[in-house]
Structures are given as structure tokens and as C-alpha cells.
file final_9.cif (mmCIF, C-alpha atoms and all ligand atoms)
data_my_file
#
loop_
_atom_site.label_atom_id
_atom_site.label_comp_id
_atom_site.auth_asym_id
_atom_site.auth_seq_id
_atom_site.Cartn_x
_atom_site.Cartn_y
_atom_site.Cartn_z
CA MET A 29 -13.97 -20.01 -2.65
CA SER A 30 -12.50 -17.55 -5.14
CA LYS A 31 -9.14 -15.99 -4.35
CA GLY A 32 -8.79 -12.52 -2.83
CA LYS A 33 -7.19 -9.57 -4.56
CA LEU A 34 -3.94 -7.78 -3.95
CA ILE A 35 -4.39 -4.01 -4.01
CA ILE A 36 -1.25 -1.92 -4.46
CA PHE A 37 -1.72 1.50 -2.88
CA SER A 38 0.90 4.19 -3.55
CA GLY A 39 1.30 7.93 -3.51
CA PRO A 40 3.91 10.40 -2.36
CA SER A 41 4.62 10.86 1.31
CA GLY A 42 2.15 13.58 2.39
CA SER A 43 -0.56 12.61 -0.08
CA GLY A 44 -2.73 11.52 2.84
CA LYS A 45 -2.69 7.76 2.23
CA ASP A 46 -2.84 6.92 5.96
CA THR A 47 -5.95 9.03 6.56
CA LEU A 48 -7.66 7.47 3.56
CA LEU A 49 -6.84 3.95 4.75
CA GLU A 50 -8.02 4.66 8.28
CA VAL A 51 -11.44 5.76 7.01
CA LEU A 52 -11.55 2.90 4.50
CA PHE A 53 -10.86 0.22 7.15
CA THR A 54 -13.52 1.71 9.43
CA ARG A 55 -16.05 1.38 6.62
CA HIS A 56 -14.81 -2.01 5.36
CA PRO A 57 -13.03 -3.87 8.18
CA GLU A 58 -12.99 -7.08 6.14
CA ILE A 59 -10.29 -5.59 3.89
CA LYS A 60 -6.86 -6.65 5.16
CA PHE A 61 -3.70 -4.54 5.40
CA SER A 62 -0.14 -5.77 4.89
CA ILE A 63 2.11 -4.63 7.76
CA SER A 64 5.57 -3.78 6.39
CA SER A 65 8.82 -4.20 8.28
CA ILE A 66 10.85 -0.99 8.29
CA THR A 67 14.10 0.27 9.77
CA ARG A 68 13.33 3.99 10.22
CA ASP A 69 12.67 5.56 13.62
CA MET A 70 9.11 5.59 14.92
CA ARG A 71 7.29 8.92 14.49
CA PRO A 72 5.23 10.33 17.36
CA GLY A 73 1.83 8.65 17.34
CA GLU A 74 2.99 5.56 15.46
CA VAL A 75 2.27 2.22 17.10
CA GLU A 76 4.36 -0.94 16.70
CA GLY A 77 2.46 -3.55 14.66
CA LYS A 78 -0.31 -1.26 13.39
CA LYS A 79 1.05 -0.01 10.09
CA TYR A 80 4.67 -1.11 10.50
CA HIS A 81 6.91 -3.50 12.40
CA PHE A 82 9.89 -1.39 13.44
CA ILE A 83 13.01 -3.55 13.30
CA SER A 84 16.79 -3.04 13.22
CA ARG A 85 18.82 -3.07 10.02
CA GLU A 86 20.47 -6.32 11.18
CA GLU A 87 17.09 -8.01 11.70
CA PHE A 88 15.92 -6.73 8.32
CA LYS A 89 18.97 -8.15 6.57
CA GLU A 90 18.55 -11.51 8.33
CA ARG A 91 14.92 -11.77 7.21
CA LEU A 92 15.97 -10.76 3.71
CA SER A 93 18.52 -13.57 3.64
CA ARG A 94 15.72 -15.99 4.67
CA ASP A 95 13.70 -14.77 1.64
CA GLU A 96 10.85 -13.57 3.86
CA TYR A 97 9.96 -10.52 1.76
CA LEU A 98 7.75 -10.30 -1.30
CA GLU A 99 9.62 -7.09 -2.15
CA HIS A 100 11.80 -4.57 -0.34
CA ASN A 101 13.20 -1.14 -1.01
CA LEU A 102 15.67 1.41 0.34
CA TYR A 103 13.71 4.66 0.72
CA VAL A 104 15.34 7.88 2.04
CA ASP A 105 18.09 5.90 3.85
CA ASP A 106 15.84 3.24 5.42
CA TYR A 107 14.70 -0.24 4.43
CA TYR A 108 11.03 -1.04 3.85
CA GLY A 109 9.83 -4.59 3.14
CA THR A 110 6.56 -6.46 2.52
CA PRO A 111 6.45 -9.80 4.39
CA LYS A 112 5.58 -12.54 1.89
CA LYS A 113 3.57 -15.09 3.90
CA PRO A 114 0.72 -12.94 5.30
CA VAL A 115 0.05 -11.49 1.84
CA LEU A 116 -0.05 -14.83 0.02
CA ASP A 117 -2.15 -16.39 2.84
CA ALA A 118 -4.73 -13.57 2.63
CA ILE A 119 -5.15 -13.97 -1.13
CA GLU A 120 -5.47 -17.75 -0.73
CA ASN A 121 -8.15 -17.22 1.97
CA GLY A 122 -10.23 -15.09 -0.40
CA ASP A 123 -9.42 -11.78 1.33
CA ASP A 124 -8.64 -8.47 -0.36
CA ILE A 125 -5.37 -7.10 1.02
CA ILE A 126 -3.88 -3.63 0.62
CA LEU A 127 -0.13 -3.11 0.25
CA GLU A 128 0.87 0.47 0.94
CA ILE A 129 4.18 0.60 -0.90
CA ASP A 130 6.24 3.00 -3.00
CA VAL A 131 6.48 3.04 -6.81
CA ASN A 132 9.56 0.78 -6.88
CA GLY A 133 7.91 -1.80 -4.63
CA ALA A 134 4.78 -1.60 -6.79
CA GLU A 135 6.79 -2.34 -9.92
CA LYS A 136 8.29 -5.45 -8.31
CA VAL A 137 4.96 -6.72 -6.93
CA ARG A 138 3.21 -6.33 -10.32
CA LYS A 139 5.78 -8.70 -11.83
CA ILE A 140 5.16 -11.33 -9.11
CA ILE A 141 1.37 -10.92 -8.94
CA PRO A 142 0.29 -9.57 -12.35
CA ASP A 143 -3.44 -9.47 -11.57
CA ALA A 144 -2.94 -7.05 -8.65
CA ILE A 145 -4.97 -3.83 -8.88
CA SER A 146 -2.92 -0.65 -8.45
CA ILE A 147 -4.16 2.68 -7.15
CA PHE A 148 -2.09 5.89 -7.04
CA ILE A 149 -3.08 8.70 -4.67
CA MET A 150 -2.40 12.23 -5.96
CA PRO A 151 -2.32 15.31 -3.72
CA PRO A 152 -4.57 18.12 -5.01
CA SER A 153 -1.43 20.23 -5.69
CA PHE A 154 2.30 20.31 -5.00
CA ALA A 155 1.83 23.30 -2.68
CA GLU A 156 -0.64 21.28 -0.60
CA LEU A 157 1.78 18.33 -0.45
CA GLU A 158 4.57 20.57 0.85
CA LYS A 159 2.21 22.12 3.40
CA ARG A 160 1.20 18.68 4.70
CA LEU A 161 4.80 17.47 4.97
CA ARG A 162 5.92 20.61 6.84
CA GLY A 163 2.80 20.51 9.01
CA ARG A 164 3.76 17.10 10.41
CA GLY A 165 6.60 18.84 12.27
CA THR A 166 8.42 15.52 12.66
CA ASP A 167 11.06 15.56 9.92
CA SER A 168 14.12 17.78 9.53
CA ASP A 169 14.30 20.29 6.63
CA GLU A 170 16.76 17.95 4.96
CA LYS A 171 14.38 14.97 5.21
CA ILE A 172 11.47 17.09 3.95
CA ALA A 173 13.55 18.18 0.95
CA LYS A 174 14.36 14.52 0.21
CA ARG A 175 10.70 13.52 0.56
CA LEU A 176 9.62 16.37 -1.80
CA ALA A 177 12.21 15.33 -4.39
CA SER A 178 11.05 11.74 -4.03
CA ALA A 179 7.40 12.87 -4.39
CA ILE A 180 8.09 14.48 -7.78
CA GLY A 181 9.78 11.27 -8.97
CA GLU A 182 6.84 9.18 -7.73
CA MET A 183 4.16 11.40 -9.35
CA LYS A 184 6.01 11.13 -12.68
CA ARG A 185 5.39 7.39 -12.45
CA ALA A 186 1.65 7.64 -11.68
CA ASP A 187 1.03 6.46 -15.28
CA GLU A 188 2.16 2.95 -14.25
CA TYR A 189 -1.01 2.54 -12.14
CA ASP A 190 -4.48 1.25 -13.08
CA TYR A 191 -6.36 3.99 -11.16
CA ILE A 192 -5.60 7.53 -9.99
CA VAL A 193 -7.48 8.97 -7.00
CA THR A 194 -7.02 12.59 -5.93
CA ASN A 195 -7.11 13.15 -2.21
CA ASP A 196 -8.78 16.56 -1.95
CA VAL A 197 -11.84 15.58 0.11
CA VAL A 198 -11.21 12.49 2.26
CA ASP A 199 -14.69 10.93 2.18
CA ARG A 200 -14.99 11.34 -1.58
CA ALA A 201 -11.52 9.89 -2.15
CA VAL A 202 -12.40 6.88 0.05
CA ASP A 203 -15.61 6.41 -1.97
CA ASP A 204 -13.49 6.36 -5.14
CA ILE A 205 -11.14 3.73 -3.71
CA LEU A 206 -14.04 1.57 -2.50
CA HIS A 207 -15.72 1.74 -5.91
CA ILE A 208 -12.57 0.26 -7.43
CA ILE A 209 -12.22 -2.52 -4.83
CA LEU A 210 -15.91 -3.43 -4.70
CA ALA A 211 -16.28 -3.43 -8.50
CA ASP A 212 -13.43 -5.91 -8.74
CA ARG A 213 -15.35 -8.31 -6.49
CA LEU A 214 -18.06 -8.36 -9.16
CA SER A 215 -15.65 -9.16 -12.00
CA LEU A 216 -16.31 -12.35 -13.97
CA ASP A 217 -13.01 -13.75 -12.77
CA ARG A 218 -14.13 -13.59 -9.13
CA GLN A 219 -17.70 -14.69 -9.81
CA LYS A 220 -16.88 -17.81 -11.88
CA GLU A 221 -17.01 -20.20 -8.92
CA PHE A 222 -20.35 -18.79 -7.79
CA ILE A 223 -21.80 -19.17 -11.29
CA ASN A 224 -20.59 -22.80 -11.39
CA GLU A 225 -22.11 -23.50 -7.94
CA VAL A 226 -25.50 -22.19 -9.14
CA LEU A 227 -25.29 -24.14 -12.39
CA LYS A 228 -24.36 -27.37 -10.55
CA LYS A 229 -27.74 -27.30 -8.82
CA CYS A 230 -29.79 -26.63 -11.95
P1 LIG B 1 6.80 6.60 5.43
O1 LIG B 1 8.22 6.61 5.94
O2 LIG B 1 6.32 7.99 5.08
O3 LIG B 1 5.86 5.86 6.35
O4 LIG B 1 6.80 5.77 4.06
C1 LIG B 1 7.66 6.12 3.03
C2 LIG B 1 7.30 5.39 1.74
O5 LIG B 1 7.56 3.98 1.88
C3 LIG B 1 5.83 5.51 1.37
O6 LIG B 1 5.78 5.82 -0.03
C4 LIG B 1 5.27 4.16 1.65
O7 LIG B 1 4.19 3.84 0.79
C5 LIG B 1 6.46 3.27 1.34
N1 LIG B 1 6.39 1.93 1.95
C6 LIG B 1 5.83 1.55 3.12
N2 LIG B 1 5.98 0.23 3.32
C7 LIG B 1 6.66 -0.24 2.25
C8 LIG B 1 7.10 -1.55 1.85
O8 LIG B 1 6.94 -2.56 2.53
N3 LIG B 1 7.77 -1.63 0.67
C9 LIG B 1 8.00 -0.56 -0.13
N4 LIG B 1 8.63 -0.76 -1.29
N5 LIG B 1 7.59 0.69 0.21
C10 LIG B 1 6.93 0.84 1.36
#

call {"tool": "encode", "arguments": {"input": "final_9.cif", "output": "C-alpha cells"}}
result
Amino acid sequence: MSKGKLIIFSGPSGSGKDTLLEVLFTRHPEIKFSISSITRDMRPGEVEGKKYHFISREEFKERLSRDEYLEHNLYVDDYYGTPKKPVLDAIENGDDIILEIDVNGAEKVRKIIPDAISIFIMPPSFAELEKRLRGRGTDSDEKIAKRLASAIGEMKRADEYDYIVTNDVVDRAVDDILHIILADRLSLDRQKEFINEVLKKC
């Protein structure tokens, strides 16, 4: 069985990554998602163990000392980390797995797993990004300002990614993402074992 692919998925807070992923997993439930451990407070509507494991700073630091993270980052005063084992297991099992991480995490993961595919989600405009962040109604003005400043920094680093998808119309953006993931499954690298299997029986 050929190995699965790691897909790095980034974009500024408010770019609509969660909505895109929800639609994508409905259409392709075989694609796995890496659940990060984070130390920030839960937002209304968030569920433990769906997108994140919400843990204390102490717990996070303990896991870090046990080398349980593939990468981790301090983002707007909170820790975010990608657990190592589930990601490496998925790739070994031939599954495609999406890591929704920030630009710093992406940079670290590319060094560890150089054949990862990376996709950056752009908002249609900065005004739209600000509107979406304020519309959430969950963060203080101070947090929103920090997230907007962080968004500018992240968009300046979009050129580090293999693919750029603009999230203006959700269904079209999901189509774009799926084209990238599904095309990779047809790459020579991932078809070599199949070709050899066929040739063995000739
Ligand atoms: P939010 O607090 O809005 O859910 O996420 C803030 C940022 O942290 C987003 O850019 C998100 O992609 C990123 N993020 C989520 N999980 C991880 C992780 O495990 N590692 C890193 N480096 N960033 C993460």
C-alpha cells in the first residue's frame, strides 16, 4: 500500500478554513483531520475532541517534555500543538491527513515532512476578513486587533505555500482544494506500487 499524504492547511483566522473543512469532510469522509491540542478557552459552539483537545498549559508543557508534538506554536498568548503519533500513523496507513496549522507550524512541518502538500486559504479581501472576525462576536476588540495584525503577517507569507485558494464561494473553494488532493493521489509517486502490482502479473 502506498503511503498517505500530509496536507498542510493554513490561512488567517477568519478566512473561513473551518467552513471549508466541514464541507470537504462531508464530501470526502476518508480524508483524516489532525486534532491539535490547544490551551485557549473554548469558544461557544466548539466541541472537545472535534477540532481541538482543550488542555491546560501545565498539561501542554508536560506533553511537550515527552516529545509528543510534531510541532507547536505560541499564537496570540496560547499554545497550539500537533500530536505526532496520529499524524505519522495516518500517513503510514495510506491515509491523507489535513493539518490545520499557522504559517510558523507549516514551516516546521515542511522541514520534517518535505513531501507534504501545502494549501493557503486567502479571504476575498481584508475588509471581508475583518467583517468575519467581528461577526463572530466571541473575541474582545483587543483580541480582534491582534488577530488582524497576525492575519497581515500570515498573508505576507502565502508565497511559502504550494497552492493558494481564495474562499469567496465555499463550494467552489472546496472544489479547488479537492482537485489538489485528488490529483496528488494520481501522482506517479503514489501509483508506483499499483503499476508494479500490475506488471508482476503480466
Ligand atoms: P483559532 O484560535 O482561531 O482556532 O486558531 C488560531 C490559529 O492557530 C489558526 O491559524 C490555526 O490554523 C492555528 N492552529 C491550529 N492548530 C494548530 C497547531 O496544532 N499548530 C499550529 N502551529 N497552529 C495551529

call {"tool": "atom_distance", "arguments": {"input": "final_9.cif", "atom1": "CA of Asp169 (chain A)", "atom2": "CA of Glu86 (chain A)"}}
result
27.7 Å

call {"tool": "residues_around", "arguments": {"input": "final_9.cif", "residues": "Tyr107 (chain A)", "least_positions_apart": "2", "cutoff": "8 Å", "atoms": "all atoms listed in the file", "output": "list of chain:residue names"}}
result
A:Ile66, A:Thr67, A:Arg68, A:Arg85, A:Phe88, A:His100, A:Asn101, A:Leu102, A:Tyr103, A:Asp105, A:Gly109

call {"tool": "closest_residue", "arguments": {"input": "final_9.cif", "among": "A:Leu49, A:Val104, A:Val75, A:Ile59", "to": "ligand LIG 1 (chain B)", "atoms": "all atoms listed in the file"}}
result
A:Val104

call {"tool": "closest_atom_pairs", "arguments": {"input": "final_9.cif", "of": "chain A", "to": "ligand LIG 1 (chain B)", "cutoff": "10 Å", "atoms": "all atoms listed in the file", "output": "tab-separated table"}}
result
residue	atom	partner	partner_atom	distance
A:Ile36	CA	B:LIG1	O7	9.5
A:Phe37	CA	B:LIG1	O7	7.3
A:Ser38	CA	B:LIG1	O7	5.5
A:Gly39	CA	B:LIG1	O6	6.1
A:Pro40	CA	B:LIG1	O6	5.5
A:Ser41	CA	B:LIG1	O2	5.0
A:Gly42	CA	B:LIG1	O2	7.5
A:Ser43	CA	B:LIG1	O6	9.3
A:Gly44	CA	B:LIG1	O2	10.0
A:Lys45	CA	B:LIG1	O7	8.0
A:Asp46	CA	B:LIG1	O3	8.8
A:Ser62	CA	B:LIG1	O8	8.1
A:Ile63	CA	B:LIG1	O8	7.4
A:Ser64	CA	B:LIG1	O8	4.3
A:Ser65	CA	B:LIG1	O8	6.3
A:Ile66	CA	B:LIG1	N2	7.1
A:Thr67	CA	B:LIG1	O1	9.5
A:Arg68	CA	B:LIG1	O1	7.2
A:Asp69	CA	B:LIG1	O1	8.9
A:Met70	CA	B:LIG1	O1	9.1
A:Arg71	CA	B:LIG1	O3	8.8
A:Glu74	CA	B:LIG1	O3	9.6
A:Lys79	CA	B:LIG1	N2	8.4
A:Tyr80	CA	B:LIG1	N2	7.4
A:His81	CA	B:LIG1	N2	9.9
A:Tyr97	CA	B:LIG1	O8	8.5
A:Leu98	CA	B:LIG1	O8	8.7
A:Glu99	CA	B:LIG1	N3	6.4
A:His100	CA	B:LIG1	N4	5.0
A:Asn101	CA	B:LIG1	N4	4.6
A:Leu102	CA	B:LIG1	N4	7.5
A:Tyr103	CA	B:LIG1	O5	6.3
A:Val104	CA	B:LIG1	C1	7.9
A:Asp106	CA	B:LIG1	O1	8.3
A:Tyr107	CA	B:LIG1	N3	8.0
A:Tyr108	CA	B:LIG1	C8	4.4
A:Gly109	CA	B:LIG1	O8	3.6
A:Thr110	CA	B:LIG1	O8	3.9
A:Pro111	CA	B:LIG1	O8	7.5
A:Leu127	CA	B:LIG1	O8	7.4
A:Glu128	CA	B:LIG1	O7	4.7
A:Ile129	CA	B:LIG1	C10	3.6
A:Asp130	CA	B:LIG1	O6	4.1
A:Val131	CA	B:LIG1	N4	7.0
A:Asn132	CA	B:LIG1	N4	5.9
A:Gly133	CA	B:LIG1	N4	3.6
A:Ala134	CA	B:LIG1	N4	6.8
A:Glu135	CA	B:LIG1	N4	9.0
A:Lys136	CA	B:LIG1	N4	8.4
A:Val137	CA	B:LIG1	N4	9.0
A:Leu161	CA	B:LIG1	O2	9.6
A:Arg175	CA	B:LIG1	C1	8.4
A:Ser178	CA	B:LIG1	O6	8.9
A:Ala179	CA	B:LIG1	O6	8.4
A:Glu182	CA	B:LIG1	O6	8.5

call {"tool": "closest_residue", "arguments": {"input": "final_9.cif", "among": "A:Lys113, A:Arg185, A:Lys220, A:Lys89", "to": "Ile149 (chain A)", "atoms": "all atoms listed in the file"}}
result
A:Arg185

call {"tool": "atom_distance", "arguments": {"input": "final_9.cif", "atom1": "CA of Lys112 (chain A)", "atom2": "CA of Asn195 (chain A)"}}
result
28.9 Å

call {"tool": "atom_distance", "arguments": {"input": "final_9.cif", "atom1": "CA of Val51 (chain A)", "atom2": "CA of Gly163 (chain A)"}}
result
20.6 Å

call {"tool": "closest_residue", "arguments": {"input": "final_9.cif", "among": "A:Ile141, A:Gly77, A:Lys171, A:Gly32", "to": "Gly122 (chain A)", "atoms": "all atoms listed in the file"}}
result
A:Gly32

call {"tool": "closest_atom_pairs", "arguments": {"input": "final_9.cif", "of": "region 137-160 of chain A", "to": "region 199-215 of chain A", "cutoff": "10 Å", "atoms": "all atoms listed in the file", "output": "CSV"}}
result
residue,atom,partner,partner_atom,distance
A:Ile145,CA,A:Ile209,CA,8.4
A:Ser146,CA,A:Ile208,CA,9.7
A:Ile147,CA,A:Ile205,CA,7.9
A:Phe148,CA,A:Ile205,CA,9.9
A:Ile149,CA,A:Ala201,CA,8.9

call {"tool": "closest_residue", "arguments": {"input": "final_9.cif", "among": "A:Ser30, A:Arg138, A:Ala173, A:Ser168", "to": "Phe222 (chain A)", "atoms": "only C-alpha atoms"}}
result
A:Ser30

call {"tool": "residues_around", "arguments": {"input": "final_9.cif", "residues": "Ala118 (chain A)", "least_positions_apart": "5", "cutoff": "8 Å", "atoms": "all atoms listed in the file", "output": "NGL selection string"}}
result
:A and (32 or 60 or 123-125)
